[in-house]
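Chemist: My structure is in entry_34.txt, and what it holds is compact mmCIF, C-alpha atoms:
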```txt
# COMPACT_ATOMS: atom_id res chain seq x y z
CA MET G 790 -0.58 -10.11 -50.56
CA ASP G 791 2.88 -8.54 -50.62
CA ILE G 792 3.56 -6.78 -47.35
CA LYS G 793 4.57 -3.66 -49.28
CA ASP G 794 0.96 -3.41 -50.53
CA PHE G 795 -0.44 -3.44 -46.99
CA ILE G 796 -3.48 -1.27 -46.31
CA ALA G 797 -3.75 -0.54 -42.60
CA GLY G 798 -7.39 0.49 -42.43
CA LYS G 799 -9.42 3.66 -42.24
CA PHE G 800 -10.55 6.28 -39.77
CA ILE G 801 -14.25 6.26 -38.96
CA GLU G 802 -16.19 9.27 -37.69
CA GLN G 803 -17.78 8.66 -34.31
CA LEU G 804 -19.52 11.13 -32.04
CA GLU G 805 -16.87 13.85 -31.42
CA TYR G 806 -13.91 11.64 -32.40
CA ARG G 807 -12.48 9.39 -35.14
CA SER G 808 -11.61 5.78 -34.36
CA PHE G 809 -9.28 3.65 -36.45
CA SER G 810 -10.79 0.56 -38.08
CA PRO G 811 -7.99 -1.83 -39.12
CA GLU G 812 -8.15 -4.17 -42.09
CA LYS G 813 -8.28 -7.86 -41.27
CA ILE G 814 -4.98 -9.75 -41.43
CA ASN G 815 -5.92 -13.39 -42.07
CA LYS G 816 -4.33 -13.75 -45.49
CA GLU G 817 -1.09 -15.02 -47.02
CA TRP G 818 1.66 -12.41 -46.73
CA ILE G 819 4.54 -12.34 -49.19
CA ILE G 820 7.87 -10.75 -48.31
CA SER G 821 9.62 -9.40 -51.43
CA SER G 822 11.95 -7.01 -49.58
CA PRO G 823 15.57 -8.31 -49.65
CA GLU G 824 16.31 -6.31 -46.50
CA VAL G 825 13.44 -7.94 -44.57
CA ASN G 826 14.42 -11.40 -45.79
CA SER G 827 18.02 -10.81 -44.73
CA LEU G 828 16.90 -9.74 -41.24
CA LEU G 829 14.57 -12.75 -41.07
CA SER G 830 17.41 -15.12 -41.89
CA GLU G 831 19.64 -13.61 -39.19
CA ALA G 832 16.83 -13.68 -36.62
CA ASN G 833 16.09 -17.37 -37.32
CA ARG G 834 19.79 -18.25 -37.05
CA LEU G 835 20.10 -16.59 -33.65
CA ILE G 836 16.92 -18.16 -32.29
CA GLY G 837 18.40 -21.52 -33.30
CA GLU G 838 21.55 -20.70 -31.32
CA LEU G 839 19.45 -19.55 -28.35
CA ASN G 840 17.52 -22.83 -28.44
CA ALA G 841 20.79 -24.75 -28.40
CA PHE G 842 21.86 -22.99 -25.20
CA SER G 843 18.50 -23.64 -23.56
CA GLN G 844 19.03 -27.37 -24.22
CA ILE G 845 22.61 -27.73 -23.00
CA ILE G 846 22.34 -25.79 -19.73
CA PRO G 847 21.47 -28.00 -16.73
CA ASP G 848 18.38 -26.89 -14.76
CA VAL G 849 17.67 -24.32 -17.45
CA ASP G 850 14.17 -23.68 -16.05
CA PHE G 851 15.77 -21.98 -13.03
CA PHE G 852 17.42 -19.47 -15.36
CA ILE G 853 14.23 -19.06 -17.40
CA THR G 854 12.61 -17.90 -14.15
CA MET G 855 15.01 -14.97 -14.10
CA HIS G 856 14.23 -14.13 -17.74
CA ILE G 857 10.55 -14.03 -16.76
CA MET G 858 11.32 -11.75 -13.80
CA LYS G 859 13.17 -9.39 -16.10
CA GLU G 860 10.38 -9.42 -18.68
CA ALA G 861 7.74 -8.68 -16.04
CA THR G 862 9.80 -5.80 -14.66
CA THR G 863 10.66 -4.28 -18.03
CA SER G 864 7.29 -4.73 -19.72
CA SER G 865 5.57 -3.15 -16.72
CA LYS G 866 8.13 -0.33 -16.76
CA ILE G 867 7.02 0.58 -20.30
CA GLU G 868 3.56 1.14 -18.82
CA GLY G 869 4.91 3.37 -16.05
CA THR G 870 5.54 1.08 -13.06
CA LYS G 871 8.77 1.64 -11.13
CA THR G 872 9.53 -1.77 -9.62
CA ASN G 873 13.14 -2.84 -10.21
CA MET G 874 14.62 -6.34 -10.48
CA ASP G 875 15.64 -6.53 -6.81
CA GLU G 876 12.11 -5.65 -5.71
CA ALA G 877 10.51 -8.03 -8.21
CA LEU G 878 12.56 -10.89 -6.74
CA ILE G 879 11.22 -10.23 -3.23
CA LYS G 880 8.37 -12.62 -2.47
CA ASP G 881 6.90 -11.04 0.69
CA GLU G 882 4.72 -7.96 0.26
CA GLU G 883 5.58 -6.69 3.75
CA ASP G 884 9.20 -6.31 2.61
CA ILE G 885 8.14 -3.77 -0.02
CA ASN G 886 7.87 -0.06 0.71
CA PRO G 887 4.12 0.72 1.04
CA GLU G 888 4.47 3.46 -1.59
CA LYS G 889 5.73 0.90 -4.10
CA ARG G 890 3.35 -1.98 -3.36
CA ASP G 891 0.88 -1.18 -6.15
CA ASP G 892 3.66 -1.32 -8.73
CA TRP G 893 5.14 -4.45 -7.12
CA GLU G 894 1.74 -6.20 -7.18
CA GLU G 895 1.33 -5.45 -10.89
CA VAL G 896 4.74 -6.97 -11.62
CA GLN G 897 3.91 -10.05 -9.51
CA ASN G 898 0.66 -10.44 -11.45
CA TYR G 899 2.59 -10.24 -14.71
CA ILE G 900 4.97 -12.96 -13.52
CA SER G 901 1.95 -15.13 -12.66
CA ALA G 902 0.35 -14.34 -16.01
CA ILE G 903 3.48 -15.43 -17.90
CA ASN G 904 3.90 -18.65 -15.92
CA LYS G 905 0.24 -19.65 -16.03
CA SER G 906 -0.21 -18.87 -19.73
CA ILE G 907 2.86 -20.91 -20.71
CA GLN G 908 1.60 -23.76 -18.55
CA GLU G 909 -1.88 -23.45 -20.09
CA LEU G 910 -0.42 -23.99 -23.56
CA GLU G 911 -0.26 -27.68 -22.67
CA ASN G 912 -4.08 -27.73 -22.50
CA ILE G 913 -5.32 -24.75 -24.51
CA PRO G 914 -4.00 -23.61 -27.90
CA ILE G 915 -2.99 -19.98 -28.22
CA SER G 916 -6.39 -18.37 -28.65
CA ASN G 917 -8.71 -15.59 -27.54
CA ARG G 918 -9.78 -17.85 -24.70
CA LEU G 919 -6.19 -18.12 -23.48
CA LEU G 920 -5.63 -14.39 -23.89
CA ARG G 921 -8.73 -13.60 -21.83
CA LYS G 922 -7.66 -16.03 -19.09
CA THR G 923 -4.18 -14.47 -19.03
CA HIS G 924 -5.65 -10.96 -18.95
CA GLU G 925 -7.75 -11.93 -15.92
CA VAL G 926 -4.60 -12.98 -14.05
CA LEU G 927 -2.80 -9.81 -15.14
CA LEU G 928 -5.42 -7.44 -13.73
CA SER G 929 -6.67 -9.44 -10.76
CA GLY G 930 -6.61 -7.41 -7.53
CA VAL G 931 -4.53 -4.52 -8.89
CA ARG G 932 -5.26 -1.03 -10.20
CA GLY G 933 -6.96 -2.37 -13.34
CA LYS G 934 -9.28 -4.73 -11.45
CA ARG G 935 -12.35 -2.66 -12.38
CA LYS G 936 -11.47 -2.64 -16.08
CA LEU G 937 -13.15 -5.92 -17.01
CA PRO G 938 -10.36 -8.45 -16.31
CA GLY G 939 -10.68 -11.34 -18.74
CA GLN G 940 -13.22 -9.61 -20.98
CA PHE G 941 -12.93 -7.75 -24.25
CA ARG G 942 -13.88 -4.12 -23.81
CA ASN G 943 -17.46 -2.88 -24.18
CA SER G 944 -16.57 0.79 -24.44
CA GLN G 945 -14.14 2.98 -26.36
CA ASN G 946 -10.57 3.28 -25.15
CA TRP G 947 -7.71 5.45 -26.38
CA ILE G 948 -4.00 6.16 -26.06
CA GLY G 949 -3.45 9.60 -24.59
CA ALA G 950 -4.59 11.82 -21.74
CA THR G 951 -8.19 12.23 -22.89
CA LEU G 952 -10.34 11.12 -25.82
CA LYS G 953 -10.23 14.64 -27.28
CA ASP G 954 -6.44 14.84 -27.52
CA ALA G 955 -5.70 11.11 -27.93
CA ILE G 956 -2.63 10.09 -29.91
CA PHE G 957 -4.47 7.03 -31.18
CA ILE G 958 -8.07 5.82 -30.87
CA PRO G 959 -8.48 2.07 -31.54
CA PRO G 960 -11.53 0.61 -33.29
CA HIS G 961 -15.00 1.06 -31.84
CA GLN G 962 -15.94 -1.60 -29.30
CA SER G 963 -18.52 -3.05 -31.71
CA GLU G 964 -15.65 -4.17 -34.00
CA VAL G 965 -13.47 -5.84 -31.39
CA GLN G 966 -14.97 -9.34 -31.40
CA GLU G 967 -14.84 -9.71 -35.18
CA LEU G 968 -11.29 -8.35 -35.41
CA MET G 969 -10.05 -10.63 -32.63
CA SER G 970 -11.70 -13.63 -34.33
CA ASP G 971 -9.82 -12.74 -37.51
CA LEU G 972 -6.58 -12.47 -35.52
CA GLU G 973 -7.20 -15.88 -33.93
CA ASN G 974 -7.94 -17.42 -37.33
CA PHE G 975 -4.68 -15.97 -38.66
CA ILE G 976 -2.76 -17.53 -35.75
CA HIS G 977 -4.15 -20.97 -36.61
CA ASN G 978 -4.28 -20.73 -40.38
CA GLU G 979 -2.10 -23.62 -41.58
CA LYS G 980 -3.11 -23.16 -45.23
CA ILE G 981 -0.93 -20.10 -45.68
CA ASN G 982 2.86 -20.02 -45.72
CA VAL G 983 4.03 -17.09 -43.63
CA PRO G 984 7.32 -17.36 -41.68
CA HIS G 985 6.58 -17.47 -37.96
CA LEU G 986 8.62 -14.36 -37.09
CA ILE G 987 6.82 -12.37 -39.78
CA LYS G 988 3.50 -13.76 -38.62
CA ILE G 989 3.96 -12.85 -34.96
CA GLY G 990 5.25 -9.41 -35.98
CA ILE G 991 1.97 -8.83 -37.81
CA ILE G 992 -0.04 -10.36 -34.95
CA HIS G 993 1.58 -8.07 -32.37
CA TYR G 994 0.95 -5.02 -34.55
CA GLN G 995 -2.70 -5.99 -35.05
CA PHE G 996 -3.29 -6.80 -31.37
CA GLU G 997 -1.92 -3.42 -30.29
CA THR G 998 -3.99 -1.71 -32.98
CA ILE G 999 -7.22 -3.44 -31.92
CA HIS G 1000 -6.43 -2.76 -28.22
CA PRO G 1001 -9.12 -5.29 -27.26
CA PHE G 1002 -9.04 -4.74 -23.49
CA LEU G 1003 -9.64 -1.63 -21.41
CA ASP G 1004 -6.24 -2.02 -19.74
CA GLY G 1005 -3.15 -4.23 -19.97
CA ASN G 1006 -2.98 -4.36 -23.79
CA GLY G 1007 0.70 -3.47 -23.98
CA ARG G 1008 1.85 -6.08 -21.48
CA LEU G 1009 -0.39 -8.80 -22.90
CA GLY G 1010 0.57 -7.94 -26.48
CA ARG G 1011 4.26 -8.31 -25.65
CA LEU G 1012 3.65 -11.57 -23.80
CA LEU G 1013 1.74 -12.81 -26.85
CA ILE G 1014 5.01 -12.78 -28.80
CA THR G 1015 6.63 -15.37 -26.55
CA LEU G 1016 3.43 -17.42 -26.22
CA TYR G 1017 3.17 -17.68 -30.00
CA LEU G 1018 6.81 -18.67 -30.49
CA VAL G 1019 6.59 -21.34 -27.77
CA SER G 1020 3.26 -22.68 -29.07
CA LYS G 1021 4.72 -23.04 -32.59
CA ASN G 1022 7.94 -24.66 -31.27
CA VAL G 1023 10.05 -21.82 -32.63
CA LEU G 1024 11.31 -21.50 -29.05
CA ILE G 1025 12.04 -24.71 -27.16
CA LYS G 1026 11.95 -22.78 -23.87
CA PRO G 1027 10.35 -19.37 -23.16
CA SER G 1028 13.72 -17.64 -23.23
CA LEU G 1029 13.06 -14.71 -25.59
CA TYR G 1030 11.28 -11.56 -24.40
CA LEU G 1031 11.35 -8.34 -26.43
CA SER G 1032 10.25 -5.85 -23.77
CA ASP G 1033 13.83 -4.87 -22.91
CA PHE G 1034 14.46 -3.91 -26.56
CA PHE G 1035 11.11 -2.11 -26.80
CA GLU G 1036 11.76 -0.23 -23.55
CA LYS G 1037 15.23 0.89 -24.66
CA ASN G 1038 13.73 2.03 -27.99
CA LYS G 1039 10.36 3.12 -26.62
CA ALA G 1040 9.85 6.09 -28.93
CA TYR G 1041 10.72 4.05 -32.04
CA TYR G 1042 8.47 1.22 -30.82
CA TYR G 1043 5.41 3.43 -30.67
CA ASP G 1044 6.41 5.45 -33.75
CA ASN G 1045 6.79 2.37 -35.95
CA LEU G 1046 3.37 1.07 -34.89
CA MET G 1047 1.83 4.46 -35.73
CA VAL G 1048 3.70 4.75 -39.04
CA ALA G 1049 2.16 1.45 -40.15
CA ARG G 1050 -1.34 2.66 -39.25
CA VAL G 1051 -1.04 6.10 -40.80
CA THR G 1052 1.13 5.46 -43.88
CA ASN G 1053 0.51 1.71 -44.52
CA ASN G 1054 4.24 1.09 -44.10
CA LEU G 1055 4.08 -2.25 -42.33
CA THR G 1056 7.50 -3.15 -43.76
CA GLN G 1057 9.17 -0.62 -41.45
CA TRP G 1058 7.44 -2.14 -38.42
CA ILE G 1059 8.51 -5.66 -39.45
CA LYS G 1060 12.12 -4.51 -39.90
CA PHE G 1061 12.09 -2.94 -36.42
CA PHE G 1062 10.50 -6.06 -34.97
CA LEU G 1063 13.10 -8.39 -36.54
CA VAL G 1064 15.95 -6.18 -35.32
CA GLY G 1065 14.38 -6.55 -31.87
CA VAL G 1066 14.43 -10.35 -32.19
CA ILE G 1067 18.06 -10.24 -33.35
CA GLU G 1068 19.29 -7.94 -30.59
CA THR G 1069 17.32 -9.71 -27.87
CA SER G 1070 18.53 -13.13 -29.01
CA LYS G 1071 22.14 -11.91 -28.91
CA SER G 1072 21.61 -10.53 -25.41
CA SER G 1073 19.96 -13.74 -24.18
CA ILE G 1074 22.75 -15.87 -25.66
CA GLU G 1075 25.32 -13.69 -23.89
CA VAL G 1076 23.45 -14.12 -20.60
CA PHE G 1077 23.46 -17.91 -21.02
CA LYS G 1078 27.21 -17.85 -21.77
CA ASN G 1079 27.84 -15.79 -18.64
CA ILE G 1080 25.66 -18.12 -16.55
CA LEU G 1081 27.75 -21.09 -17.71
CA ALA G 1082 30.95 -19.19 -16.87
CA ILE G 1083 29.76 -18.29 -13.37
CA LYS G 1084 28.44 -21.81 -12.78
CA SER G 1085 31.74 -23.37 -13.85
CA LYS G 1086 33.83 -20.98 -11.73
CA LEU G 1087 31.77 -21.52 -8.58
CA GLU G 1088 31.58 -25.29 -8.91
CA THR G 1089 35.25 -25.88 -9.74
CA GLU G 1090 37.05 -23.08 -7.89
CA VAL G 1091 34.86 -21.73 -5.08
CA LEU G 1092 32.58 -24.41 -3.63
CA PRO G 1093 35.42 -26.91 -3.02
CA LYS G 1094 36.66 -24.46 -0.35
CA LEU G 1095 33.64 -25.47 1.76
CA GLY G 1096 35.22 -28.86 2.46
CA SER G 1097 32.71 -31.17 4.14
CA LYS G 1098 29.87 -28.71 3.45
CA VAL G 1099 30.32 -28.82 -0.31
CA LYS G 1100 27.20 -30.94 -0.97
CA LYS G 1101 24.92 -28.60 0.97
CA GLY G 1102 26.68 -25.73 -0.77
CA GLN G 1103 25.83 -27.19 -4.18
CA ILE G 1104 22.17 -27.54 -3.16
CA LEU G 1105 22.06 -23.93 -1.92
CA LEU G 1106 23.72 -22.67 -5.10
CA THR G 1107 21.09 -24.45 -7.21
CA LEU G 1108 18.36 -22.78 -5.15
CA LEU G 1109 19.97 -19.38 -5.61
CA TYR G 1110 19.75 -19.68 -9.39
CA GLN G 1111 15.97 -19.69 -8.97
CA PHE G 1112 15.67 -17.51 -5.83
CA PRO G 1113 18.69 -15.18 -5.79
CA ILE G 1114 17.35 -13.07 -2.91
CA LEU G 1115 16.57 -15.02 0.26
CA ARG G 1116 16.38 -14.79 4.04
CA THR G 1117 18.27 -17.32 6.18
CA LYS G 1118 14.93 -18.60 7.48
CA SER G 1119 13.75 -19.32 3.93
CA ILE G 1120 17.03 -21.05 3.12
CA ALA G 1121 16.60 -23.29 6.18
CA VAL G 1122 13.14 -24.32 4.97
CA LEU G 1123 14.27 -24.92 1.40
CA LEU G 1124 17.28 -26.96 2.54
CA ASN G 1125 15.22 -28.79 5.18
CA THR G 1126 17.76 -27.94 7.86
CA SER G 1127 17.94 -25.89 11.07
CA THR G 1128 18.15 -22.09 11.01
CA SER G 1129 21.58 -22.20 12.71
CA THR G 1130 22.97 -24.61 10.09
CA ALA G 1131 21.53 -22.48 7.30
CA ASN G 1132 22.99 -19.35 8.87
CA ARG G 1133 26.48 -20.87 9.03
CA LEU G 1134 26.24 -21.90 5.38
CA VAL G 1135 25.07 -18.44 4.39
CA MET G 1136 28.01 -16.88 6.25
CA ASP G 1137 30.33 -19.24 4.37
CA PHE G 1138 28.78 -18.05 1.10
CA VAL G 1139 29.30 -14.44 2.18
CA LYS G 1140 32.98 -15.10 2.94
CA LEU G 1141 33.38 -16.79 -0.45
CA GLY G 1142 31.88 -13.74 -2.18
CA ILE G 1143 28.82 -15.58 -3.52
CA LEU G 1144 26.25 -13.83 -1.32
CA GLU G 1145 26.10 -10.37 0.18
CA GLU G 1146 23.77 -8.95 2.82
CA TYR G 1147 22.00 -5.93 1.40
CA THR G 1148 19.38 -4.75 3.90
CA GLY G 1149 21.77 -3.38 6.52
CA TYR G 1150 19.55 -4.84 9.26
CA LYS G 1151 20.65 -7.02 12.18
CA ARG G 1152 17.43 -9.03 12.03
CA ASN G 1153 15.37 -10.33 9.13
CA ARG G 1154 18.35 -9.85 6.88
CA LYS G 1155 18.19 -10.73 3.21
CA PHE G 1156 21.06 -11.95 1.09
CA ILE G 1157 21.52 -11.49 -2.64
CA PHE G 1158 23.44 -13.48 -5.25
CA ARG G 1159 24.59 -10.19 -6.75
CA GLU G 1160 26.89 -11.41 -9.55
CA TYR G 1161 24.08 -13.55 -10.92
CA VAL G 1162 21.29 -10.97 -10.60
CA ASP G 1163 23.45 -8.38 -12.37
CA LEU G 1164 23.50 -10.56 -15.50
CA PHE G 1165 19.81 -9.78 -16.03
CA ARG G 1166 19.96 -6.02 -15.52
```
Just give me the structure of the file as structure tokens.
Modeler:
Amino acid sequence: MDIKDFIAGKFIEQLEYRSFSPEKINKEWIISSPEVNSLLSEANRLIGELNAFSQIIPDVDFFITMHIMKEATTSSKIEGTKTNMDEALIKDEEDINPEKRDDWEEVQNYISAINKSIQELENIPISNRLLRKTHEVLLSGVRGKRKLPGQFRNSQNWIGATLKDAIFIPPHQSEVQELMSDLENFIHNEKINVPHLIKIGIIHYQFETIHPFLDGNGRLGRLLITLYLVSKNVLIKPSLYLSDFFEKNKAYYYDNLMVARVTNNLTQWIKFFLVGVIETSKSSIEVFKNILAIKSKLETEVLPKLGSKVKKGQILLTLLYQFPILRTKSIAVLLNTSTSTANRLVMDFVKLGILEEYTGYKRNRKFIFREYVDLFR
């Protein structure tokens, strides 16, 4: 089927409301739009360049950790949480303002959900089973813990303040299992030739339209994009996350999803989605370039000033790429050295302009690798 001939579905009368019943998507999609094909070509080129950077950067997994932190913060922000990057990087709950702990816990759960789901891909193919397991991690012990973590919904949900004035009402709960089975079959259908970026664009649209869980659909639907691309080897490393683009263009994000449902214009959604891939790839490539520049400057110009401490300095710098906010006590443990030795090294890093103290306290002080963290803002 040509994507321009897409039929989104139909509205079905329920008791006192109308739910939207989407058409199934497991079919071969043809892209005849020159504009879409041009965007697809550019998006594929940039993902190839992004993959190249993820292969040439030493210890790239440390930097991927920061991409995941940013994704968790931004994707959760779309849903209304207010945790920022600095707070997300803090590991100890007691260091978080009590008023912000609920938001912080949701972001920490999202970080765990990303890490565990990517790790699970080694054992479980991308599937409804994997999505349910990831959803359970996402909602465990936080505000959505009573909304059936790890289970497809068994009641109606909606987008809006109440069911009566909802902006969008997804399909009735009785349709969810069949629709999600169709989505899973589409993911694994090797008999059809649909470019991966087009395929995941359709998958994300359909997942958000089905809204299969009572809570967490937005975050899980955005994570699904990266999971799919990693599982299909489109991404060598999980270095591409679209939430920052969606958050910056939040109104267009929701509008384009609704336009597809109401007017059958899936082409517009796919164009928006591909632009998101293009812009996010460019941004991620720029971050990797800046990481290499900072790394080169510090290793060739700054660390040599430590003299005999240069080896310990290199070890600490490597740690900071993964944990850019740390206490001296934590640094001592990670370096397997005494607190006094760690403190002297930290003070050296402060003098060299690598670290700065940002709590203002005399005790239990935390230090931040500010130049590096700012790359991900």
Chemist: Please, what distance in Å, to one decimal, runs between CA of Val1051 (chain G) and CA of Leu1018 (chain G)?
Modeler: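 So the two atoms, CA of Val1051 (chain G) and CA of Leu1018 (chain G), lie 28.0 Å apart.
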Chemist: Measuring between only C-alpha atoms, which one of G:Ile903, G:Leu1009, G:Leu919, G:Val825 shows the shortest distance to Thr1056 (chain G)?
Modeler: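 Ranked by minimum distance to Thr1056 (chain G), first place goes to G:Val825.
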Chemist: Skip Ile867 (chain G) itself and residues of its chain fewer than 4 positions away, then list as number ranges by chain all residues within 9 Å of it, counting only C-alpha atoms.
Modeler: G: 862-863, 1007-1008, 1032, 1035-1036, 1039
Chemist: Can I get the selected residues back with C-alpha atoms, as a PDB file, in the frame of the given file?
Modeler:
```
ATOM      1  CA  THR G 862       9.800  -5.800 -14.660  1.00  0.00           C
ATOM      2  CA  THR G 863      10.660  -4.280 -18.030  1.00  0.00           C
ATOM      3  CA  GLY G1007       0.700  -3.470 -23.980  1.00  0.00           C
ATOM      4  CA  ARG G1008       1.850  -6.080 -21.480  1.00  0.00           C
ATOM      5  CA  SER G1032      10.250  -5.850 -23.770  1.00  0.00           C
ATOM      6  CA  PHE G1035      11.110  -2.110 -26.800  1.00  0.00           C
ATOM      7  CA  GLU G1036      11.760  -0.230 -23.550  1.00  0.00           C
ATOM      8  CA  LYS G1039      10.360   3.120 -26.620  1.00  0.00           C
TER       9      LYS G1039
END
```
Chemist: From the list G:Leu1029, G:Ile814, G:Met858, G:Ile958, which residue is nearest Leu972 (chain G) when using only C-alpha atoms?
Modeler: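 Smallest distance to Leu972 (chain G) is found for G:Ile814.
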Chemist: Of the candidates G:Ile1059, G:Lys1026, G:Glu860, G:Val926, which shows the shortest atom-to-atom distance to Ile989 (chain G), using only C-alpha atoms?
Modeler: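 Among the listed residues, G:Ile1059 lies closest to Ile989 (chain G).
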Chemist: Choose the residue, out of G:Lys922, G:Val1048, G:Arg834, G:Glu895, that has the smallest atom-to-atom separation from Ala797 (chain G); count only C-alpha atoms.
Modeler: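 Of the candidates, the smallest distance to Ala797 (chain G) is held by G:Val1048.
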Chemist: With only C-alpha atoms as the atoms that count, which of G:Ala1040, G:Ile846, G:Leu968, G:Ile907 lies nearest to Tyr1017 (chain G)?
Modeler: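 Going through G:Ala1040, G:Ile846, G:Leu968, G:Ile907 one by one, the smallest distance to Tyr1017 (chain G) is for G:Ile907.
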Chemist: Which is closest to Asn1053 (chain G) among G:Ile796, G:Glu1145, G:Leu1134, G:Met790, if we use all atoms listed in the file?
Modeler: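 Nearest candidate to Asn1053 (chain G) out of G:Ile796, G:Glu1145, G:Leu1134, G:Met790: G:Ile796.
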Chemist: Residues of region 1086-1140 of chain G that approach region 873-882 of chain G to 9 Å or less, counting all atoms listed in the file: could you list each one with the shortest pair of atoms and its distance in Å to one decimal, rows by chain and increasing residue number, as a tab-separated table?
Modeler:
```
residue	atom	partner	partner_atom	distance
G:Phe1112	CA	G:Leu878	CA	7.4
G:Pro1113	CA	G:Leu878	CA	7.5
G:Ile1114	CA	G:Leu878	CA	6.5
G:Leu1115	CA	G:Ile879	CA	8.0
```
Chemist: CA of Leu910 (chain G) and CA of Leu1081 (chain G), how far apart in Å?
Modeler: 28.9 Å
Chemist: So how many Å separate CA of Glu964 (chain G) and CA of Met1047 (chain G), to one decimal?
Modeler: 19.6 Å
Chemist: Taking (34.3, -21.1, -6.9) in the file's coordinates, which residues come within 12 Å, counting all atoms listed in the file, written as a ChimeraX atom specification?
Modeler: /G:1082-1095,1099,1102-1103,1106,1138,1140-1143
Chemist: Do a neighbour search on region 1070-1073 of chain G at 10 Å with only C-alpha atoms, toss out local chain neighbours closer than 2 positions, and write the hits as a list in words.
Modeler: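 Near neighbours after the sequence-gap exclusion: Ala832, Asn833, Arg834, Leu835, Ile836, Gly837, Glu838, Leu839, Asn840, Phe842, His856, Ser1028, Leu1029, Tyr1030, Leu1031, Asp1033, Phe1034, Val1064, Gly1065, Val1066, Ile1067, Glu1068, Glu1075, Val1076, Phe1077, Lys1078, Asn1079, Leu1164 and Phe1165 of chain G.
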Chemist: Any chance you can output those residues with C-alpha atoms as a short mmCIF file (atom, residue, chain, number, x, y, z; two decimals), in the coordinates of the input?
Modeler:
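See out12.cif below for the written result:
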```
data_model
loop_
_atom_site.label_atom_id
_atom_site.label_comp_id
_atom_site.auth_asym_id
_atom_site.auth_seq_id
_atom_site.Cartn_x
_atom_site.Cartn_y
_atom_site.Cartn_z
CA ALA G 832 16.83 -13.68 -36.62
CA ASN G 833 16.09 -17.37 -37.32
CA ARG G 834 19.79 -18.25 -37.05
CA LEU G 835 20.10 -16.59 -33.65
CA ILE G 836 16.92 -18.16 -32.29
CA GLY G 837 18.40 -21.52 -33.30
CA GLU G 838 21.55 -20.70 -31.32
CA LEU G 839 19.45 -19.55 -28.35
CA ASN G 840 17.52 -22.83 -28.44
CA PHE G 842 21.86 -22.99 -25.20
CA HIS G 856 14.23 -14.13 -17.74
CA SER G 1028 13.72 -17.64 -23.23
CA LEU G 1029 13.06 -14.71 -25.59
CA TYR G 1030 11.28 -11.56 -24.40
CA LEU G 1031 11.35 -8.34 -26.43
CA ASP G 1033 13.83 -4.87 -22.91
CA PHE G 1034 14.46 -3.91 -26.56
CA VAL G 1064 15.95 -6.18 -35.32
CA GLY G 1065 14.38 -6.55 -31.87
CA VAL G 1066 14.43 -10.35 -32.19
CA ILE G 1067 18.06 -10.24 -33.35
CA GLU G 1068 19.29 -7.94 -30.59
CA GLU G 1075 25.32 -13.69 -23.89
CA VAL G 1076 23.45 -14.12 -20.60
CA PHE G 1077 23.46 -17.91 -21.02
CA LYS G 1078 27.21 -17.85 -21.77
CA ASN G 1079 27.84 -15.79 -18.64
CA LEU G 1164 23.50 -10.56 -15.50
CA PHE G 1165 19.81 -9.78 -16.03
#
```
